[in-house]
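**Q** Handing over target-v3.txt, compact mmCIF, C-alpha atoms.
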# COMPACT_ATOMS: atom_id res chain seq x y z
CA MET R 1 13.80 33.72 -37.37
CA ALA R 2 16.11 36.26 -35.74
CA SER R 3 13.24 37.69 -33.73
CA HIS R 4 12.31 34.17 -32.69
CA ASP R 5 15.88 33.68 -31.47
CA ASN R 6 15.68 36.94 -29.52
CA ASP R 7 12.44 35.87 -27.84
CA THR R 8 13.70 32.48 -26.73
CA VAL R 9 16.92 31.09 -25.32
CA LEU R 10 18.40 27.63 -25.74
CA ARG R 11 18.06 26.07 -22.30
CA HIS R 12 18.76 22.40 -23.03
CA ALA R 13 20.79 21.08 -25.96
CA GLY R 14 19.44 18.09 -27.88
CA PHE R 15 21.98 15.77 -26.25
CA ASP R 16 20.83 16.77 -22.76
CA ARG R 17 17.14 16.45 -23.65
CA ALA R 18 17.76 12.99 -25.07
CA PHE R 19 19.68 12.08 -21.90
CA HIS R 20 16.84 13.32 -19.69
CA TRP R 21 14.07 11.40 -21.47
CA ILE R 22 16.04 8.17 -22.04
CA ASN R 23 17.10 8.35 -18.39
CA ALA R 24 13.44 8.81 -17.39
CA VAL R 25 12.37 5.73 -19.36
CA VAL R 26 15.20 3.62 -17.91
CA VAL R 27 14.50 4.75 -14.32
CA LEU R 28 10.78 4.00 -14.80
CA LEU R 29 11.67 0.56 -16.18
CA LEU R 30 13.90 -0.09 -13.16
CA MET R 31 11.17 1.02 -10.75
CA VAL R 32 8.49 -1.05 -12.48
CA THR R 33 10.64 -4.20 -12.62
CA GLY R 34 11.97 -3.67 -9.10
CA LEU R 35 8.79 -2.70 -7.29
CA LEU R 36 5.93 -4.54 -9.04
CA PRO R 37 7.13 -7.94 -7.68
CA VAL R 38 7.08 -6.36 -4.20
CA LEU R 39 3.42 -5.50 -4.81
CA GLY R 40 2.68 -9.10 -5.76
CA VAL R 41 2.87 -8.77 -9.56
CA ASN R 42 5.11 -11.66 -10.50
CA PHE R 43 6.91 -11.86 -13.83
CA ALA R 44 10.43 -12.50 -15.15
CA TRP R 45 11.79 -9.15 -13.97
CA VAL R 46 15.44 -9.87 -13.14
CA LYS R 47 16.84 -9.77 -16.69
CA ILE R 48 15.02 -6.55 -17.64
CA HIS R 49 16.10 -5.03 -14.31
CA TRP R 50 19.84 -5.67 -14.61
CA ILE R 51 19.97 -4.74 -18.31
CA SER R 52 18.23 -1.44 -17.45
CA GLY R 53 20.71 -1.00 -14.58
CA VAL R 54 23.68 -1.40 -16.93
CA LEU R 55 22.06 1.06 -19.35
CA LEU R 56 21.49 3.54 -16.51
CA THR R 57 25.15 3.24 -15.50
CA ALA R 58 26.27 4.01 -19.07
CA LEU R 59 23.91 7.00 -19.22
CA ILE R 60 25.14 8.40 -15.91
CA VAL R 61 28.83 7.97 -16.85
CA LEU R 62 28.10 9.82 -20.10
CA HIS R 63 26.23 12.53 -18.17
CA ILE R 64 29.08 13.00 -15.66
CA VAL R 65 31.72 13.20 -18.43
CA ARG R 66 29.60 15.73 -20.34
CA ALA R 67 28.89 17.77 -17.21
CA LEU R 68 32.57 17.88 -16.22
CA PHE R 69 34.15 18.59 -19.61
CA TRP R 70 31.48 20.17 -21.82
CA GLN R 71 29.19 21.96 -19.38
CA SER R 72 29.52 24.23 -16.38
CA VAL R 73 29.11 22.35 -13.10
CA ARG R 74 28.57 25.75 -11.46
CA THR R 75 25.04 25.85 -12.95
CA ILE R 76 23.91 23.01 -10.68
CA ALA R 77 26.21 23.56 -7.64
CA LEU R 78 24.31 24.45 -4.47
CA GLY R 79 26.65 27.22 -3.33
CA GLY R 80 28.17 30.15 -5.17
CA SER R 81 25.12 31.87 -6.62
CA GLY R 82 27.50 34.71 -7.59
CA GLY R 83 25.51 37.33 -5.68
CA GLY R 84 22.31 39.05 -6.76
CA SER R 85 18.77 38.06 -5.94
CA LEU R 86 18.03 35.83 -8.91
CA PRO R 87 19.75 32.51 -9.58
CA GLY R 88 21.48 31.50 -12.81
CA LYS R 89 20.30 28.58 -14.93
CA TYR R 90 18.73 26.61 -12.07
CA THR R 91 16.70 27.71 -9.05
CA MET R 92 17.46 26.29 -5.60
CA PRO R 93 14.50 23.82 -5.70
CA GLN R 94 15.76 22.58 -9.09
CA LYS R 95 19.27 22.15 -7.68
CA LEU R 96 17.88 20.25 -4.69
CA MET R 97 15.86 17.98 -6.99
CA HIS R 98 19.01 17.26 -9.00
CA LEU R 99 20.93 16.55 -5.79
CA GLY R 100 18.19 14.17 -4.63
CA TRP R 101 18.23 12.25 -7.91
CA MET R 102 22.03 12.30 -8.01
CA LEU R 103 22.38 10.71 -4.57
CA THR R 104 19.56 8.23 -5.20
CA ILE R 105 20.90 7.11 -8.57
CA LEU R 106 24.51 6.87 -7.37
CA VAL R 107 23.47 4.68 -4.42
CA VAL R 108 21.23 2.51 -6.60
CA ILE R 109 23.97 2.05 -9.23
CA ILE R 110 26.82 1.24 -6.81
CA THR R 111 24.76 -1.20 -4.75
CA GLY R 112 23.15 -2.57 -7.92
CA TRP R 113 26.53 -3.59 -9.33
CA PHE R 114 27.33 -5.45 -6.10
CA LEU R 115 23.93 -7.16 -6.22
CA MET R 116 24.57 -8.22 -9.83
CA LYS R 117 27.60 -10.11 -8.52
CA LYS R 118 25.35 -11.81 -5.98
CA ALA R 119 22.65 -12.68 -8.52
CA GLY R 120 24.99 -13.48 -11.42
CA VAL R 121 24.76 -11.88 -14.86
CA PRO R 122 26.48 -12.96 -18.12
CA PHE R 123 29.53 -10.72 -17.60
CA PHE R 124 29.72 -11.21 -13.82
CA GLU R 125 30.11 -14.74 -12.49
CA ARG R 126 27.71 -15.35 -9.64
CA ASP R 127 29.46 -15.29 -6.28
CA PRO R 128 27.12 -14.99 -3.30
CA TYR R 129 30.12 -15.49 -1.01
CA ALA R 130 32.00 -12.43 -2.29
CA LEU R 131 30.69 -10.50 0.70
CA SER R 132 29.42 -11.55 4.12
CA LEU R 133 25.69 -12.03 4.64
CA ARG R 134 25.68 -8.96 6.83
CA THR R 135 27.27 -6.83 4.07
CA TRP R 136 24.87 -8.20 1.44
CA GLY R 137 22.08 -7.15 3.80
CA VAL R 138 23.44 -3.61 3.98
CA MET R 139 23.81 -3.48 0.17
CA THR R 140 20.20 -4.59 -0.26
CA LEU R 141 19.04 -2.15 2.40
CA LEU R 142 20.72 0.78 0.61
CA HIS R 143 19.34 -0.39 -2.76
CA ASP R 144 15.83 -0.63 -1.27
CA LEU R 145 16.18 2.76 0.41
CA ALA R 146 17.19 4.37 -2.88
CA SER R 147 14.20 2.78 -4.61
CA LEU R 148 11.87 4.29 -1.99
CA ALA R 149 13.56 7.67 -2.47
CA ALA R 150 12.98 7.29 -6.23
CA VAL R 151 9.22 6.79 -5.64
CA PHE R 152 9.11 10.02 -3.63
CA LEU R 153 11.29 12.00 -6.06
CA LEU R 154 9.39 10.78 -9.12
CA LEU R 155 6.04 11.98 -7.74
CA VAL R 156 7.40 15.39 -6.74
CA HIS R 157 9.42 15.83 -9.95
CA VAL R 158 6.48 15.00 -12.24
CA TYR R 159 4.12 17.22 -10.22
CA PHE R 160 6.38 20.28 -10.46
CA GLY R 161 7.08 19.53 -14.12
CA LEU R 162 3.35 19.63 -14.90
CA LEU R 163 2.43 22.77 -12.93
CA PRO R 164 1.12 25.48 -15.31
CA GLU R 165 3.51 28.14 -13.90
CA LYS R 166 6.47 25.81 -14.54
CA ARG R 167 5.34 25.03 -18.09
CA GLU R 168 8.32 26.87 -19.61
CA TYR R 169 10.74 24.40 -18.01
CA LEU R 170 8.78 21.46 -19.47
CA ARG R 171 8.70 23.19 -22.85
CA ALA R 172 12.47 23.67 -22.67
CA MET R 173 12.99 20.01 -21.82
CA LEU R 174 10.84 19.06 -24.84
CA THR R 175 11.96 21.58 -27.46
CA GLY R 176 15.20 22.91 -26.00
CA ARG R 177 14.09 26.56 -26.02
CA ALA R 178 12.32 28.68 -23.43
CA SER R 179 10.85 32.17 -23.53
CA ARG R 180 13.45 34.76 -22.55
CA ALA R 181 10.79 36.93 -20.89
CA VAL R 182 9.37 34.08 -18.79
CA LEU R 183 12.81 32.85 -17.72
CA ALA R 184 13.88 36.38 -16.78
CA GLN R 185 11.17 36.41 -14.06
CA ASP R 186 13.03 33.76 -12.04
CA HIS R 187 16.54 33.73 -13.49
CA ASP R 188 19.36 36.20 -13.99
CA LEU R 189 19.98 35.72 -17.70
CA GLU R 190 23.41 37.34 -17.48
CA LYS R 191 24.43 34.66 -14.99
CA VAL R 192 23.03 32.03 -17.37
CA GLU R 193 25.18 33.50 -20.15
CA ARG R 194 28.23 33.27 -17.86
CA GLY R 195 27.52 29.58 -17.17
CA GLU R 196 26.30 30.01 -13.60
CA MET C 1 4.70 -1.57 10.68
CA SER C 2 8.32 -2.66 10.53
CA ILE C 3 11.26 -0.63 9.26
CA LEU C 4 13.64 -3.44 8.23
CA ARG C 5 13.51 -7.00 6.90
CA PHE C 6 15.53 -9.50 8.91
CA GLY C 7 16.91 -12.96 8.31
CA HIS C 8 19.32 -15.27 10.10
CA ASP C 9 22.83 -16.39 9.26
CA ALA C 10 24.16 -19.97 9.57
CA TRP C 11 24.75 -19.41 13.29
CA GLY C 12 21.22 -18.24 13.89
CA GLU C 13 22.26 -14.61 14.34
CA ARG C 14 19.73 -12.04 13.19
CA ILE C 15 20.94 -10.01 10.20
CA VAL C 16 19.40 -7.20 8.18
CA ASN C 17 18.09 -8.30 4.78
CA GLY C 18 16.80 -4.95 3.53
CA ILE C 19 14.13 -2.30 4.03
CA SER C 20 10.67 -3.45 5.05
CA TRP C 21 8.31 -3.08 2.11
CA ASP C 22 5.77 -1.65 4.56
CA LEU C 23 7.66 1.58 3.83
CA LEU C 24 6.74 1.60 0.12
CA PRO C 25 3.31 3.18 0.76
CA VAL C 26 5.03 5.61 3.17
CA ALA C 27 7.33 6.83 0.35
CA PHE C 28 4.31 7.16 -1.95
CA TRP C 29 2.18 9.07 0.55
CA ALA C 30 5.13 11.29 1.52
CA GLY C 31 5.28 12.36 -2.13
CA VAL C 32 1.52 12.92 -2.21
CA ALA C 33 1.78 14.95 1.03
CA VAL C 34 4.37 17.29 -0.55
CA ILE C 35 2.11 17.72 -3.60
CA VAL C 36 -1.01 18.43 -1.51
CA GLY C 37 0.99 20.77 0.77
CA HIS C 38 2.26 22.70 -2.22
CA LEU C 39 -1.20 22.89 -3.80
CA ILE C 40 -2.61 24.35 -0.56
CA TRP C 41 0.29 26.85 -0.26
CA ARG C 42 -0.20 27.79 -3.92
CA ALA C 43 -3.95 28.34 -3.45
CA VAL C 44 -3.44 30.45 -0.30
CA ARG C 45 -0.71 32.52 -1.98
CA GLY C 46 -2.92 32.99 -5.06
CA ARG C 47 -5.81 34.23 -2.90
CA ARG C 48 -3.50 36.63 -0.98
CA ASN C 49 -2.21 38.00 -4.27
CA GLY C 50 -5.81 38.47 -5.41
CA GLY C 51 -5.53 35.78 -8.09
Let me see whether you can do it: turn the structure in this file into structure tokens.
**A**
Amino acid sequence: MASHDNDTVLRHAGFDRAFHWINAVVVLLLMVTGLLPVLGVNFAWVKIHWISGVLLTALIVLHIVRALFWQSVRTIALGGSGGGSLPGKYTMPQKLMHLGWMLTILVVIITGWFLMKKAGVPFFERDPYALSLRTWGVMTLLHDLASLAAVFLLLVHVYFGLLPEKREYLRAMLTGRASRAVLAQDHDLEKVERGE
Amino acid sequence: MSILRFGHDAWGERIVNGISWDLLPVAFWAGVAVIVGHLIWRAVRGRRNGG
């Protein structure tokens, strides 16, 4: 068991893996319910869409609180690699992917809450006059734009996740652990230990 | 292909209603382009490295 622990490192705690996969299911649900009607597949999508949106908001709030108080934000920050040729826990492409999802999801959540006010949900009385038509248009435009970004990001994220040479990252997101030797090829494990 | 969806307000003024859904296939194919581009780069790099 000890030798097993020496061969692998804990890359993602159970909480973070659960967050990642629940988040993935919720984002897929939002994309399916939001985009299939655009493609002409008509069904009662609104209720599933806003409930998923509320769930996504709760997940992201939880993620932000955990990242700020229980984790090191430095691991995912774009700058401050701390010197040396190898990065810490995340490579630059991984940080950029996180940044892309972060911006997309923040835009979709903020505009989504405004649009819930326009559409009316049980805890938000419908008020289509809360904003001007022009502002509703901008809200919808940003929401749409974020949904298009999500299509792009999803394809690229899944592709890189499935590449054979990136298999260790997928394994870590499934089991939590990754091979120390494989990670050491692309990461400075001392930086990882220091929370960078 | 249009970029935006437009409507009109009560005074007949043209207002933006959202993104044109003509851009949905563009987002999809942009993702596919990145994937194909990376696959080509990966194959070329593999050949150069003798793999």
**Q** Determine, counting only C-alpha atoms, which protein, DNA and RNA residues have an atom within 12 Å of an atom of C:Pro25; residues of the same chain fewer than 6 positions away are not included. Present the result as a tab-separated table (two decimals) with C-alpha atoms, keeping the file's coordinate frame.
**A**
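What follows is the written file around_25.tsv:
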chain	number	residue	atom	x	y	z
R	35	LEU	CA	8.79	-2.70	-7.29
R	38	VAL	CA	7.08	-6.36	-4.20
R	39	LEU	CA	3.42	-5.50	-4.81
R	148	LEU	CA	11.87	4.29	-1.99
R	149	ALA	CA	13.56	7.67	-2.47
R	151	VAL	CA	9.22	6.79	-5.64
R	152	PHE	CA	9.11	10.02	-3.63
C	1	MET	CA	4.70	-1.57	10.68
C	31	GLY	CA	5.28	12.36	-2.13
C	32	VAL	CA	1.52	12.92	-2.21
C	33	ALA	CA	1.78	14.95	1.03
**Q** Return as an MDAnalysis selection string the residues belonging to chain C that are within 6 Å of chain R, counting all atoms listed in the file.
**A** chainID C and resid 15:19 27:28 31
**Q** Find the residues around stretch 19-29 of chain R up to 10 Å (all atoms listed in the file counted), leave out those fewer than 2 positions away in its own chain, and share them as a PyMOL selection string.
**A** chain R and resi 12-17+31-35+45+48-49+51-57+59-60+62-63+105+147+150-151+154+173-174
**Q** How many Å separate atom CA of R:Ala172 from atom CA of R:Val73?
**A**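 These atoms are spaced 19.2 Å apart.
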**Q** Using Å and a single decimal, report how far atom CA of R:Thr104 sits from atom CA of R:Ala67.
**A**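 Result for atom CA of R:Ala67 versus atom CA of R:Thr104: 18.0 Å, one decimal.
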**Q** Work out how far apart atom CA of C:Val34 and atom CA of R:Gln185 are and give it in Å to one decimal.
**A**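 Result for atom CA of C:Val34 versus atom CA of R:Gln185: 24.4 Å, one decimal.
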**Q** Find, counting only C-alpha atoms, the residue in R:Glu165, R:Lys89, R:Leu189, R:Asn42 that gets nearest to R:Gln71.
**A**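 The answer is R:Lys89, which sits nearest to R:Gln71.
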**Q** Do you know which residues are at most 8 Å from R:Arg126 counting all atoms listed in the file, after dropping those on the same chain fewer than 3 positions away, and could you put them as a ChimeraX atom specification?
**A** /R:116-121
**Q** Rebuild N, CA and C atoms on stretch 56-83 of chain R, as a CSV table (one decimal), in the coordinates of the input?
**A**
chain,number,residue,atom,x,y,z
R,56,LEU,N,21.5,2.3,-17.4
R,56,LEU,CA,21.5,3.5,-16.5
R,56,LEU,C,22.9,3.9,-16.1
R,57,THR,N,23.8,3.0,-15.8
R,57,THR,CA,25.2,3.2,-15.5
R,57,THR,C,25.8,3.9,-16.7
R,58,ALA,N,25.6,3.4,-17.9
R,58,ALA,CA,26.3,4.0,-19.1
R,58,ALA,C,25.8,5.4,-19.2
R,59,LEU,N,24.5,5.7,-19.1
R,59,LEU,CA,23.9,7.0,-19.2
R,59,LEU,C,24.5,8.0,-18.2
R,60,ILE,N,24.6,7.5,-17.0
R,60,ILE,CA,25.1,8.4,-15.9
R,60,ILE,C,26.6,8.7,-16.1
R,61,VAL,N,27.4,7.7,-16.6
R,61,VAL,CA,28.8,8.0,-16.8
R,61,VAL,C,28.9,9.0,-17.9
R,62,LEU,N,28.1,8.9,-19.0
R,62,LEU,CA,28.1,9.8,-20.1
R,62,LEU,C,27.7,11.2,-19.6
R,63,HIS,N,26.7,11.3,-18.7
R,63,HIS,CA,26.2,12.5,-18.2
R,63,HIS,C,27.3,13.2,-17.3
R,64,ILE,N,28.0,12.4,-16.5
R,64,ILE,CA,29.1,13.0,-15.7
R,64,ILE,C,30.2,13.5,-16.5
R,65,VAL,N,30.6,12.8,-17.5
R,65,VAL,CA,31.7,13.2,-18.4
R,65,VAL,C,31.3,14.5,-19.1
R,66,ARG,N,30.1,14.5,-19.6
R,66,ARG,CA,29.6,15.7,-20.3
R,66,ARG,C,29.5,16.9,-19.4
R,67,ALA,N,29.0,16.7,-18.2
R,67,ALA,CA,28.9,17.8,-17.2
R,67,ALA,C,30.3,18.3,-16.8
R,68,LEU,N,31.2,17.4,-16.7
R,68,LEU,CA,32.6,17.9,-16.2
R,68,LEU,C,33.4,18.6,-17.3
R,69,PHE,N,33.3,18.1,-18.6
R,69,PHE,CA,34.2,18.6,-19.6
R,69,PHE,C,33.5,19.5,-20.6
R,70,TRP,N,32.2,19.4,-20.8
R,70,TRP,CA,31.5,20.2,-21.8
R,70,TRP,C,30.5,21.2,-21.3
R,71,GLN,N,30.2,21.0,-20.0
R,71,GLN,CA,29.2,22.0,-19.4
R,71,GLN,C,29.8,22.6,-18.2
R,72,SER,N,29.0,23.6,-17.6
R,72,SER,CA,29.5,24.2,-16.4
R,72,SER,C,28.8,23.6,-15.2
R,73,VAL,N,29.7,23.0,-14.3
R,73,VAL,CA,29.1,22.4,-13.1
R,73,VAL,C,28.5,23.4,-12.2
R,74,ARG,N,29.0,24.7,-12.3
R,74,ARG,CA,28.6,25.8,-11.5
R,74,ARG,C,27.1,26.0,-11.6
R,75,THR,N,26.5,25.6,-12.8
R,75,THR,CA,25.0,25.8,-13.0
R,75,THR,C,24.2,25.1,-11.9
R,76,ILE,N,24.7,23.9,-11.5
R,76,ILE,CA,23.9,23.0,-10.7
R,76,ILE,C,24.5,22.9,-9.2
R,77,ALA,N,25.6,23.6,-9.0
R,77,ALA,CA,26.2,23.6,-7.6
R,77,ALA,C,25.3,24.3,-6.7
R,78,LEU,N,25.2,23.8,-5.4
R,78,LEU,CA,24.3,24.4,-4.5
R,78,LEU,C,24.8,25.8,-4.0
R,79,GLY,N,26.1,25.9,-3.8
R,79,GLY,CA,26.6,27.2,-3.3
R,79,GLY,C,27.0,28.1,-4.5
R,80,GLY,N,27.6,29.3,-4.2
R,80,GLY,CA,28.2,30.2,-5.2
R,80,GLY,C,27.2,30.7,-6.2
R,81,SER,N,26.1,31.3,-5.7
R,81,SER,CA,25.1,31.9,-6.6
R,81,SER,C,25.7,33.1,-7.3
R,82,GLY,N,26.9,33.6,-6.9
R,82,GLY,CA,27.5,34.7,-7.6
R,82,GLY,C,26.9,36.1,-7.2
R,83,GLY,N,26.1,36.1,-6.1
R,83,GLY,CA,25.5,37.3,-5.7
R,83,GLY,C,24.3,37.6,-6.5
